[in-house]
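J.: Structure supplied as input-v8.json; contents: JSON, C-alpha atoms.
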```
[["chain", "number", "residue", "atom", "x", "y", "z"],
["A", 1, "MET", "CA", -6.31, 25.03, 24.63],
["A", 2, "THR", "CA", -3.34, 25.35, 26.96],
["A", 3, "TYR", "CA", -2.81, 21.68, 27.81],
["A", 4, "GLN", "CA", -1.70, 18.99, 25.38],
["A", 5, "LEU", "CA", -3.28, 15.57, 25.15],
["A", 6, "THR", "CA", -1.01, 12.55, 25.29],
["A", 7, "ALA", "CA", -1.68, 9.34, 23.34],
["A", 8, "PRO", "CA", -3.18, 7.31, 26.25],
["A", 9, "LEU", "CA", -5.42, 10.20, 27.19],
["A", 10, "LEU", "CA", -6.63, 10.44, 23.61],
["A", 11, "ASP", "CA", -7.27, 6.68, 23.61],
["A", 12, "ALA", "CA", -9.28, 7.09, 26.79],
["A", 13, "CYS", "CA", -11.33, 9.95, 25.33],
["A", 14, "VAL", "CA", -12.19, 7.96, 22.20],
["A", 15, "LEU", "CA", -13.12, 4.86, 24.20],
["A", 16, "GLY", "CA", -15.22, 7.04, 26.47],
["A", 17, "ILE", "CA", -17.14, 8.51, 23.53],
["A", 18, "VAL", "CA", -18.12, 5.07, 22.23],
["A", 19, "ARG", "CA", -18.73, 3.67, 25.72],
["A", 20, "ASN", "CA", -22.49, 4.05, 25.54],
["A", 21, "GLU", "CA", -23.16, 4.53, 21.88],
["A", 22, "ASP", "CA", -21.47, 3.29, 18.69],
["A", 23, "SER", "CA", -20.21, 6.15, 16.60],
["A", 24, "TYR", "CA", -18.61, 6.88, 13.22],
["A", 25, "GLY", "CA", -15.49, 8.85, 12.41],
["A", 26, "TYR", "CA", -17.01, 12.24, 11.77],
["A", 27, "THR", "CA", -19.24, 12.52, 14.87],
["A", 28, "LEU", "CA", -16.49, 11.02, 17.01],
["A", 29, "THR", "CA", -14.12, 13.74, 15.88],
["A", 30, "GLN", "CA", -16.69, 16.49, 16.35],
["A", 31, "LYS", "CA", -17.51, 15.31, 19.87],
["A", 32, "ALA", "CA", -13.84, 15.29, 20.79],
["A", 33, "ARG", "CA", -13.26, 18.65, 19.14],
["A", 34, "GLN", "CA", -15.92, 20.28, 21.26],
["A", 35, "VAL", "CA", -13.66, 19.71, 24.24],
["A", 36, "VAL", "CA", -10.07, 19.34, 23.10],
["A", 37, "ASP", "CA", -8.02, 21.10, 20.47],
["A", 38, "ILE", "CA", -7.29, 18.41, 17.87],
["A", 39, "SER", "CA", -7.29, 18.52, 14.09],
["A", 40, "GLU", "CA", -9.79, 16.69, 11.91],
["A", 41, "SER", "CA", -7.15, 14.10, 11.05],
["A", 42, "THR", "CA", -5.94, 13.34, 14.58],
["A", 43, "LEU", "CA", -8.42, 10.62, 15.41],
["A", 44, "TYR", "CA", -8.03, 8.30, 12.44],
["A", 45, "PRO", "CA", -4.68, 6.89, 13.58],
["A", 46, "VAL", "CA", -6.05, 6.60, 17.10],
["A", 47, "LEU", "CA", -9.11, 4.68, 15.92],
["A", 48, "ARG", "CA", -6.94, 2.44, 13.77],
["A", 49, "ARG", "CA", -4.60, 1.73, 16.67],
["A", 50, "LEU", "CA", -7.46, 0.93, 19.05],
["A", 51, "GLN", "CA", -9.00, -1.29, 16.43],
["A", 52, "LYS", "CA", -5.75, -3.20, 15.88],
["A", 53, "SER", "CA", -5.29, -3.59, 19.62],
["A", 54, "GLY", "CA", -8.75, -5.15, 19.85],
["A", 55, "TYR", "CA", -10.30, -2.38, 21.95],
["A", 56, "LEU", "CA", -12.65, -1.34, 19.17],
["A", 57, "THR", "CA", -14.47, -3.26, 16.48],
["A", 58, "THR", "CA", -16.00, -1.83, 13.34],
["A", 59, "TYR", "CA", -19.07, -2.63, 11.34],
["A", 60, "ASP", "CA", -20.53, -1.06, 8.24],
["A", 61, "ALA", "CA", -24.07, 0.20, 8.11],
["A", 62, "PRO", "CA", -25.74, 1.62, 5.01],
["A", 63, "TYR", "CA", -26.52, 5.32, 5.11],
["A", 64, "GLN", "CA", -28.04, 7.23, 2.19],
["A", 65, "GLY", "CA", -26.86, 4.77, -0.40],
["A", 66, "ARG", "CA", -23.32, 4.45, 0.92],
["A", 67, "ASN", "CA", -21.49, 2.78, 3.73],
["A", 68, "ARG", "CA", -20.77, 4.24, 7.07],
["A", 69, "ARG", "CA", -18.20, 2.59, 9.32],
["A", 70, "TYR", "CA", -19.26, 2.49, 12.95],
["A", 71, "TYR", "CA", -16.89, 1.93, 15.84],
["A", 72, "ALA", "CA", -18.01, -0.13, 18.84],
["A", 73, "ILE", "CA", -16.20, -0.82, 22.07],
["A", 74, "THR", "CA", -15.16, -4.40, 22.88],
["A", 75, "ASP", "CA", -14.95, -6.12, 26.26],
["A", 76, "SER", "CA", -11.20, -5.61, 26.46],
["A", 77, "GLY", "CA", -11.88, -2.02, 25.43],
["A", 78, "ARG", "CA", -14.18, -1.63, 28.39],
["A", 79, "SER", "CA", -11.67, -3.04, 30.82],
["A", 80, "ILE", "CA", -8.87, -0.78, 29.61],
["A", 81, "LEU", "CA", -11.27, 2.17, 29.72],
["A", 82, "CYS", "CA", -12.00, 1.28, 33.35],
["A", 83, "PHE", "CA", -8.27, 1.33, 34.04],
["A", 84, "TYR", "CA", -7.83, 4.63, 32.19],
["A", 85, "GLU", "CA", -10.74, 6.12, 34.14],
["A", 86, "LYS", "CA", -9.27, 5.17, 37.50],
["A", 87, "GLU", "CA", -5.83, 6.41, 36.51],
["A", 88, "TRP", "CA", -7.25, 9.68, 35.24],
["A", 89, "ILE", "CA", -9.26, 10.45, 38.35],
["A", 90, "GLU", "CA", -6.26, 9.75, 40.53],
["A", 91, "TYR", "CA", -3.97, 11.81, 38.33],
["A", 92, "LYS", "CA", -6.47, 14.65, 37.99],
["A", 93, "ASP", "CA", -6.87, 14.91, 41.78],
["A", 94, "LYS", "CA", -3.13, 14.94, 42.31],
["A", 95, "ILE", "CA", -2.59, 17.61, 39.67],
["A", 96, "THR", "CA", -5.41, 19.68, 41.13],
["A", 97, "GLY", "CA", -3.77, 19.30, 44.50],
["A", 98, "LEU", "CA", -0.47, 20.56, 43.15],
["A", 99, "ILE", "CA", -2.02, 23.48, 41.33],
["A", 100, "VAL", "CA", -4.36, 24.60, 44.08],
["A", 101, "GLY", "CA", -1.78, 23.97, 46.79],
["A", 102, "ASN", "CA", -1.47, 20.62, 48.49],
["A", 103, "GLY", "CA", -3.19, 19.96, 51.83],
["A", 104, "ASN", "CA", -4.80, 23.40, 52.04],
["A", 105, "ASP", "CA", -8.21, 22.11, 53.08],
["A", 106, "SER", "CA", -7.23, 19.66, 55.80],
["A", 107, "ASP", "CA", -4.54, 21.73, 57.46],
["A", 108, "LYS", "CA", -6.16, 25.13, 57.63],
["A", 109, "ASN", "CA", -7.72, 24.73, 61.07],
["A", 110, "GLU", "CA", -4.79, 22.94, 62.69],
["A", 111, "ILE", "CA", -2.12, 25.40, 61.66],
["A", 112, "ILE", "CA", -3.10, 27.72, 64.47],
["A", 113, "GLU", "CA", -2.43, 25.14, 67.18],
["A", 114, "VAL", "CA", 0.35, 22.82, 65.94],
["A", 115, "ASP", "CA", 3.90, 23.65, 64.88],
["A", 116, "ALA", "CA", 5.28, 23.33, 61.38],
["A", 117, "SER", "CA", 7.01, 19.95, 61.74],
["A", 118, "GLU", "CA", 3.82, 18.24, 62.76],
["A", 119, "VAL", "CA", 1.96, 19.69, 59.79],
["A", 120, "ILE", "CA", 4.51, 18.13, 57.46],
["A", 121, "ASN", "CA", 4.14, 14.76, 59.20],
["A", 122, "ASP", "CA", 0.40, 15.04, 58.94],
["A", 123, "GLY", "CA", 0.60, 15.70, 55.24],
["A", 124, "GLY", "CA", 2.79, 12.62, 54.76],
["A", 125, "ALA", "CA", 0.35, 10.40, 56.66],
["A", 126, "ASN", "CA", -2.57, 11.59, 54.57],
["A", 127, "GLU", "CA", -0.90, 10.69, 51.31],
["B", 1, "MET", "CA", -8.58, 20.84, -4.09],
["B", 2, "ASN", "CA", -11.81, 18.90, -4.29],
["B", 3, "LYS", "CA", -12.64, 15.53, -2.76],
["B", 4, "ARG", "CA", -11.43, 13.38, -5.65],
["B", 5, "GLU", "CA", -8.14, 15.26, -5.95],
["B", 6, "PHE", "CA", -7.63, 15.09, -2.21],
["B", 7, "LEU", "CA", -8.14, 11.32, -2.11],
["B", 8, "GLN", "CA", -5.87, 10.80, -5.12],
["B", 9, "GLU", "CA", -3.13, 12.85, -3.54],
["B", 10, "LEU", "CA", -3.58, 10.99, -0.25],
["B", 11, "GLU", "CA", -3.35, 7.63, -2.00],
["B", 12, "LYS", "CA", -0.14, 8.72, -3.67],
["B", 13, "ARG", "CA", 1.36, 9.78, -0.37],
["B", 14, "LEU", "CA", 0.37, 6.51, 1.29],
["B", 15, "ARG", "CA", 1.86, 4.30, -1.44],
["B", 16, "TYR", "CA", 4.58, 2.91, 0.82],
["B", 17, "ILE", "CA", 2.39, 1.71, 3.68],
["B", 18, "PRO", "CA", 0.76, -1.76, 3.57],
["B", 19, "LYS", "CA", -2.09, -2.01, 1.07],
["B", 20, "GLU", "CA", -4.62, -2.97, 3.70],
["B", 21, "ASP", "CA", -3.81, 0.12, 5.80],
["B", 22, "ARG", "CA", -3.96, 2.35, 2.74],
["B", 23, "ILE", "CA", -7.37, 1.10, 1.66],
["B", 24, "ASP", "CA", -8.74, 1.49, 5.17],
["B", 25, "ALA", "CA", -7.47, 5.06, 5.45],
["B", 26, "LEU", "CA", -8.81, 6.08, 2.05],
["B", 27, "GLN", "CA", -12.19, 4.58, 2.85],
["B", 28, "TYR", "CA", -12.27, 6.43, 6.16],
["B", 29, "TYR", "CA", -11.47, 9.78, 4.62],
["B", 30, "GLU", "CA", -13.88, 9.34, 1.75],
["B", 31, "GLU", "CA", -16.63, 8.67, 4.27],
["B", 32, "TYR", "CA", -15.41, 11.49, 6.47],
["B", 33, "ILE", "CA", -15.53, 14.06, 3.69],
["B", 34, "GLU", "CA", -19.05, 12.92, 2.80],
["B", 35, "ASP", "CA", -20.11, 13.21, 6.43],
["B", 36, "MET", "CA", -18.68, 16.72, 6.57],
["B", 37, "GLY", "CA", -21.24, 17.62, 3.94],
["B", 38, "ILE", "CA", -18.65, 18.79, 1.44],
["B", 39, "GLY", "CA", -19.90, 18.61, -2.15],
["B", 40, "GLU", "CA", -18.02, 16.89, -4.98],
["B", 41, "ASP", "CA", -16.46, 20.11, -6.24],
["B", 42, "GLU", "CA", -16.02, 22.02, -3.01],
["B", 43, "ASP", "CA", -12.67, 22.72, -1.42],
["B", 44, "VAL", "CA", -11.56, 20.17, 1.15],
["B", 45, "LEU", "CA", -8.29, 21.69, 2.30],
["B", 46, "SER", "CA", -9.68, 24.50, 4.44],
["B", 47, "LYS", "CA", -11.71, 22.11, 6.54],
["B", 48, "LEU", "CA", -9.68, 18.92, 6.59],
["B", 49, "GLY", "CA", -6.06, 20.10, 6.14],
["B", 50, "THR", "CA", -3.64, 19.09, 3.40],
["B", 51, "PRO", "CA", -3.16, 15.48, 2.24],
["B", 52, "LYS", "CA", 0.43, 15.87, 3.43],
["B", 53, "ASP", "CA", -0.62, 16.51, 7.04],
["B", 54, "VAL", "CA", -3.24, 13.79, 6.96],
["B", 55, "SER", "CA", -0.83, 11.26, 5.46],
["B", 56, "ARG", "CA", 1.88, 12.11, 7.98],
["B", 57, "ASP", "CA", -0.38, 11.19, 10.90],
["B", 58, "ILE", "CA", -1.22, 7.87, 9.26],
["B", 59, "ILE", "CA", 2.36, 7.02, 8.31],
["B", 60, "ASP", "CA", 3.67, 7.85, 11.79],
["B", 61, "GLU", "CA", 1.15, 5.50, 13.31],
["B", 62, "CYS", "CA", 1.99, 2.76, 10.82],
["B", 63, "ALA", "CA", 5.70, 3.14, 11.51],
["B", 64, "ILE", "CA", 5.25, 2.75, 15.26],
["B", 65, "LYS", "CA", 2.99, -0.26, 14.84],
["B", 66, "HIS", "CA", 5.29, -2.04, 12.43],
["B", 67, "ALA", "CA", 8.35, -1.39, 14.55],
["B", 68, "GLU", "CA", 6.58, -3.01, 17.50],
["B", 69, "GLN", "CA", 5.37, -5.95, 15.42],
["B", 70, "ALA", "CA", 8.78, -6.46, 13.87],
["B", 71, "GLU", "CA", 10.39, -6.60, 17.29],
["B", 72, "GLU", "CA", 7.88, -9.12, 18.56],
["B", 73, "THR", "CA", 8.08, -11.44, 15.57],
["B", 74, "LYS", "CA", 11.85, -11.19, 15.41],
["B", 75, "THR", "CA", 12.39, -12.40, 18.94],
["B", 76, "VAL", "CA", 10.01, -15.32, 18.57],
["B", 77, "LYS", "CA", 10.63, -16.40, 15.01],
["B", 78, "SER", "CA", 14.23, -15.64, 14.27],
["B", 79, "LYS", "CA", 15.76, -18.43, 16.37],
["B", 80, "ALA", "CA", 13.58, -21.14, 14.87],
["B", 81, "THR", "CA", 13.98, -19.92, 11.30],
["B", 82, "VAL", "CA", 17.72, -19.57, 11.62],
["B", 83, "ALA", "CA", 17.98, -23.15, 12.88],
["B", 84, "TRP", "CA", 15.81, -24.49, 10.07],
["B", 85, "LEU", "CA", 17.61, -22.48, 7.44],
["B", 86, "THR", "CA", 20.93, -23.85, 8.65],
["B", 87, "VAL", "CA", 19.68, -27.44, 8.43],
["B", 88, "LEU", "CA", 18.20, -26.83, 5.00],
["B", 89, "GLY", "CA", 21.37, -25.16, 3.82],
["B", 90, "LEU", "CA", 23.54, -28.06, 4.98],
["B", 91, "LEU", "CA", 21.28, -30.69, 3.42],
["B", 92, "SER", "CA", 21.06, -28.94, 0.08],
["B", 93, "LEU", "CA", 24.80, -28.30, -0.09],
["B", 94, "PRO", "CA", 25.54, -31.09, -2.66],
["B", 95, "ILE", "CA", 23.16, -29.46, -5.11],
["B", 96, "SER", "CA", 23.32, -25.82, -4.13],
["B", 97, "LEU", "CA", 27.10, -25.54, -4.08],
["B", 98, "PRO", "CA", 27.70, -26.53, -7.74],
["B", 99, "LEU", "CA", 24.68, -24.46, -8.73],
["B", 100, "ALA", "CA", 26.04, -21.42, -6.91],
["B", 101, "ILE", "CA", 29.44, -21.88, -8.54],
["B", 102, "ALA", "CA", 27.79, -22.17, -11.97],
["B", 103, "VAL", "CA", 25.73, -19.03, -11.42],
["B", 104, "ILE", "CA", 28.74, -17.08, -10.23],
["B", 105, "ALA", "CA", 30.75, -18.33, -13.23],
["B", 106, "ILE", "CA", 28.03, -17.30, -15.67],
["B", 107, "VAL", "CA", 27.68, -13.86, -14.14],
["B", 108, "LEU", "CA", 31.45, -13.41, -14.16],
["B", 109, "ALA", "CA", 31.64, -14.55, -17.80],
["B", 110, "LEU", "CA", 28.94, -12.09, -18.80],
["B", 111, "LEU", "CA", 30.70, -9.27, -16.98],
["B", 112, "ILE", "CA", 34.04, -10.13, -18.59],
["B", 113, "THR", "CA", 32.39, -10.29, -22.02],
["B", 114, "LEU", "CA", 30.80, -6.91, -21.45],
["B", 115, "PHE", "CA", 34.12, -5.34, -20.49],
["B", 116, "ALA", "CA", 35.89, -7.08, -23.39],
["B", 117, "VAL", "CA", 33.39, -5.68, -25.88],
["B", 118, "LEU", "CA", 33.72, -2.22, -24.36],
["B", 119, "PHE", "CA", 37.51, -2.52, -24.46],
["B", 120, "ALA", "CA", 37.46, -3.67, -28.11],
["B", 121, "LEU", "CA", 35.25, -0.72, -29.08],
["B", 122, "CYS", "CA", 37.62, 1.56, -27.22],
["B", 123, "VAL", "CA", 40.63, 0.16, -29.07],
["B", 124, "VAL", "CA", 38.88, 0.53, -32.42],
["B", 125, "SER", "CA", 38.03, 4.14, -31.71],
["B", 126, "VAL", "CA", 41.56, 5.00, -30.60],
["B", 127, "ALA", "CA", 43.05, 3.15, -33.58],
["B", 128, "GLY", "CA", 40.67, 4.95, -35.93],
["B", 129, "ILE", "CA", 41.52, 8.35, -34.57],
["B", 130, "ILE", "CA", 45.29, 7.77, -34.55],
["B", 131, "SER", "CA", 45.44, 6.13, -37.97],
["B", 132, "GLY", "CA", 43.08, 8.75, -39.37],
["B", 133, "VAL", "CA", 45.34, 11.59, -38.23],
["B", 134, "ALA", "CA", 48.42, 9.69, -39.45],
["B", 135, "ALA", "CA", 46.86, 9.01, -42.88],
["B", 136, "PHE", "CA", 45.80, 12.64, -43.21],
["B", 137, "PHE", "CA", 49.32, 13.95, -42.69],
["B", 138, "TRP", "CA", 50.85, 11.12, -44.72],
["B", 139, "GLY", "CA", 48.60, 12.30, -47.52],
["B", 140, "LEU", "CA", 50.45, 15.65, -47.49],
["B", 141, "LEU", "CA", 53.71, 13.87, -48.27],
["B", 142, "VAL", "CA", 52.43, 11.58, -51.01],
["B", 143, "ALA", "CA", 53.32, 12.55, -54.57],
["B", 144, "GLY", "CA", 50.55, 13.38, -57.02],
["B", 145, "PHE", "CA", 47.45, 15.53, -56.42],
["B", 146, "GLY", "CA", 44.90, 12.72, -56.82],
["B", 147, "GLN", "CA", 46.75, 10.41, -54.47],
["B", 148, "LYS", "CA", 47.14, 13.22, -51.93],
["B", 149, "LEU", "CA", 43.40, 13.85, -51.94],
["B", 150, "PHE", "CA", 42.59, 10.14, -51.70],
["B", 151, "THR", "CA", 44.95, 9.48, -48.79],
["B", 152, "MET", "CA", 43.78, 12.55, -46.89],
["B", 153, "GLY", "CA", 40.17, 11.58, -47.56],
["B", 154, "VAL", "CA", 40.74, 8.08, -46.22],
["B", 155, "GLY", "CA", 42.43, 9.65, -43.17],
["B", 156, "LEU", "CA", 39.39, 11.86, -42.48],
["B", 157, "LEU", "CA", 37.06, 8.87, -42.93],
["B", 158, "MET", "CA", 39.00, 6.81, -40.38],
["B", 159, "PHE", "CA", 39.14, 9.74, -38.01],
["B", 160, "GLY", "CA", 35.34, 10.08, -38.28],
["B", 161, "ILE", "CA", 34.79, 6.36, -37.68],
["B", 162, "GLY", "CA", 37.07, 6.60, -34.64],
["B", 163, "ILE", "CA", 35.02, 9.46, -33.19],
["B", 164, "LEU", "CA", 31.78, 7.60, -33.86],
["B", 165, "PHE", "CA", 33.07, 4.53, -32.01],
["B", 166, "PHE", "CA", 34.29, 6.75, -29.21],
["B", 167, "LEU", "CA", 30.83, 8.29, -28.80],
["B", 168, "THR", "CA", 29.24, 4.82, -28.80],
["B", 169, "VAL", "CA", 31.60, 3.58, -26.10],
["B", 170, "ALA", "CA", 31.01, 6.71, -24.01],
["B", 171, "SER", "CA", 27.23, 6.44, -24.12],
["B", 172, "LEU", "CA", 27.32, 2.65, -23.51],
["B", 173, "THR", "CA", 29.55, 3.11, -20.45],
["B", 174, "LYS", "CA", 27.31, 5.86, -19.16],
["B", 175, "GLY", "CA", 24.26, 3.63, -19.64],
["B", 176, "ILE", "CA", 25.84, 0.73, -17.77],
["B", 177, "ILE", "CA", 26.92, 2.96, -14.89],
["B", 178, "ASN", "CA", 23.42, 4.41, -14.74],
["B", 179, "ILE", "CA", 21.84, 0.96, -14.54],
["B", 180, "PHE", "CA", 24.07, -0.04, -11.64],
["B", 181, "ARG", "CA", 23.51, 3.26, -9.86],
["B", 182, "ARG", "CA", 19.75, 3.07, -10.28],
["B", 183, "ARG", "CA", 19.68, -0.46, -8.93],
["B", 184, "ARG", "CA", 21.66, 0.61, -5.90],
["B", 185, "MET", "CA", 19.31, 3.57, -5.36],
["B", 186, "ALA", "CA", 16.29, 1.30, -5.65],
["B", 187, "LYS", "CA", 17.80, -0.96, -3.02],
["B", 188, "MET", "CA", 18.40, 2.00, -0.73],
["B", 189, "ALA", "CA", 14.85, 3.21, -1.25],
["B", 190, "GLU", "CA", 13.56, -0.25, -0.39],
["B", 191, "LYS", "CA", 15.56, -0.23, 2.81],
["B", 192, "GLU", "CA", 14.21, 3.19, 3.74],
["B", 193, "VAL", "CA", 10.66, 2.01, 3.22],
["B", 194, "SER", "CA", 11.20, -1.05, 5.35],
["B", 195, "TYR", "CA", 12.60, 1.17, 8.10],
["B", 196, "GLU", "CA", 9.53, 3.33, 7.89]]
```
Represent the structure contained in this file as structure tokens.
T.:
Amino acid sequence: MTYQLTAPLLDACVLGIVRNEDSYGYTLTQKARQVVDISESTLYPVLRRLQKSGYLTTYDAPYQGRNRRYYAITDSGRSILCFYEKEWIEYKDKITGLIVGNGNDSDKNEIIEVDASEVINDGGANE
Amino acid sequence: MNKREFLQELEKRLRYIPKEDRIDALQYYEEYIEDMGIGEDEDVLSKLGTPKDVSRDIIDECAIKHAEQAEETKTVKSKATVAWLTVLGLLSLPISLPLAIAVIAIVLALLITLFAVLFALCVVSVAGIISGVAAFFWGLLVAGFGQKLFTMGVGLLMFGIGILFFLTVASLTKGIINIFRRRRMAKMAEKEVSYE
């Protein structure tokens, strides 16, 4: 993968995975690894951090004669995930705008009629 | 490296982080390896990475967390504790001051005794060597074959005793220096761990 994940983004991904369904370490990692390039040992510290911050809780459930530790999202986890989601969508759109070329869609038709200075003003007003 | 060896190595590498964190991490990875479907004797490294890499991630996280916690608790606690410690210190002065003086005196006395003993041993060894050499050559000048042999023999004996004492002093000094050095290193190691 070309792009690196930062710590908050990784937090958001993990919280997103357990948003609808409690999960345990191994499946959590595999789900994340399907999308992003992280090692098998990347998520443990993240899970531990989220747990200590109160965004995740854990409970043990028996599985084939041993314990399996499940991670579940808490209420404060949900609210921070909401925040992360909003931030991400905003950020993603801005980055896309920069990469694709800002204001391309809205200005295409007007460029023929108005001069350059007005296009710049227009772009500023849209922001 | 199989599962058991991996977990043992990981535990060793995590020995400096808080016990609770270590147990949690080991439990997680034991479970994780079982969930990966790796058998008891199969190789773990190719799929999970080395214990070194795994432990580094955990220790980094611990370090960050503890630094943050330490900062928080310091700012809140330190003022109150310093005030209380000052009050306590002042109140206990009538008892603690004589006690402190006594302890310092005892430690000083022990140190002086130690050096005195070392010095005495040193003097004995030097005296033995010098007098041994002197007696040996004096033996050459003494009249009579038997007396010559006896005096030279006594000289050699004293020389030997001197060397023996010298060796004892040398190894004792080395031992004492080592103890102090090791203690200082242990202190430094402790500091490093607390920084981590």
J.: Kindly provide, as a ChimeraX atom specification, the residues of chain B having any atom no farther than 12 Å from an atom of chain A, counting all atoms listed in the file.
T.: /B:20-22,24-37,44-66,69
J.: What does the distance between atom CA of A:Glu87 and atom CA of A:Val14 come to in Å, to one decimal place?
T.: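 It comes out at 15.7 Å.
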J.: When you draw a straight line from atom CA of A:Leu47 to atom CA of A:Ile17, how long is it in Å?
T.: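 Straight-line distance from atom CA of A:Leu47 to atom CA of A:Ile17 works out to 11.7 Å.
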J.: Given the choices A:Asp37, A:Asp22, A:Glu85, A:Glu90, which gets closest to A:Leu56 if the distance is worked out from only C-alpha atoms?
T.: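 Closest to A:Leu56 of all the choices is A:Asp22.
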J.: Can you pull out the residues contacting B:Ala134? Cut-off 10 Å, using only C-alpha atoms, and skip same-chain residues under 6 positions away; I want them as a compact mmCIF listing (two decimals) with C-alpha atoms, keeping the file's coordinate frame.
T.:
```txt
# COMPACT_ATOMS: atom_id res chain seq x y z
CA GLY B 128 40.67 4.95 -35.93
CA THR B 151 44.95 9.48 -48.79
CA MET B 152 43.78 12.55 -46.89
CA GLY B 155 42.43 9.65 -43.17
CA LEU B 156 39.39 11.86 -42.48
CA MET B 158 39.00 6.81 -40.38
CA PHE B 159 39.14 9.74 -38.01
```
J.: Could you check how far atom CA of A:Ile73 sits from atom CA of A:Pro8, in Å to one decimal?
T.: 15.9 Å
J.: Which of these, B:Leu7, B:Val123, B:Ile104, B:Leu99, has the shortest distance to B:Glu40 once you count only C-alpha atoms?
T.: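 Counting only C-alpha atoms, the residue closest to B:Glu40 is B:Leu7.
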J.: Could you give me, as a PyMOL selection string, the residues that sit within 12 Å of (31.2, 5.1, -30.9) in the file's coordinates, counting only C-alpha atoms?
T.: chain B and resi 118-126+128-129+159-173
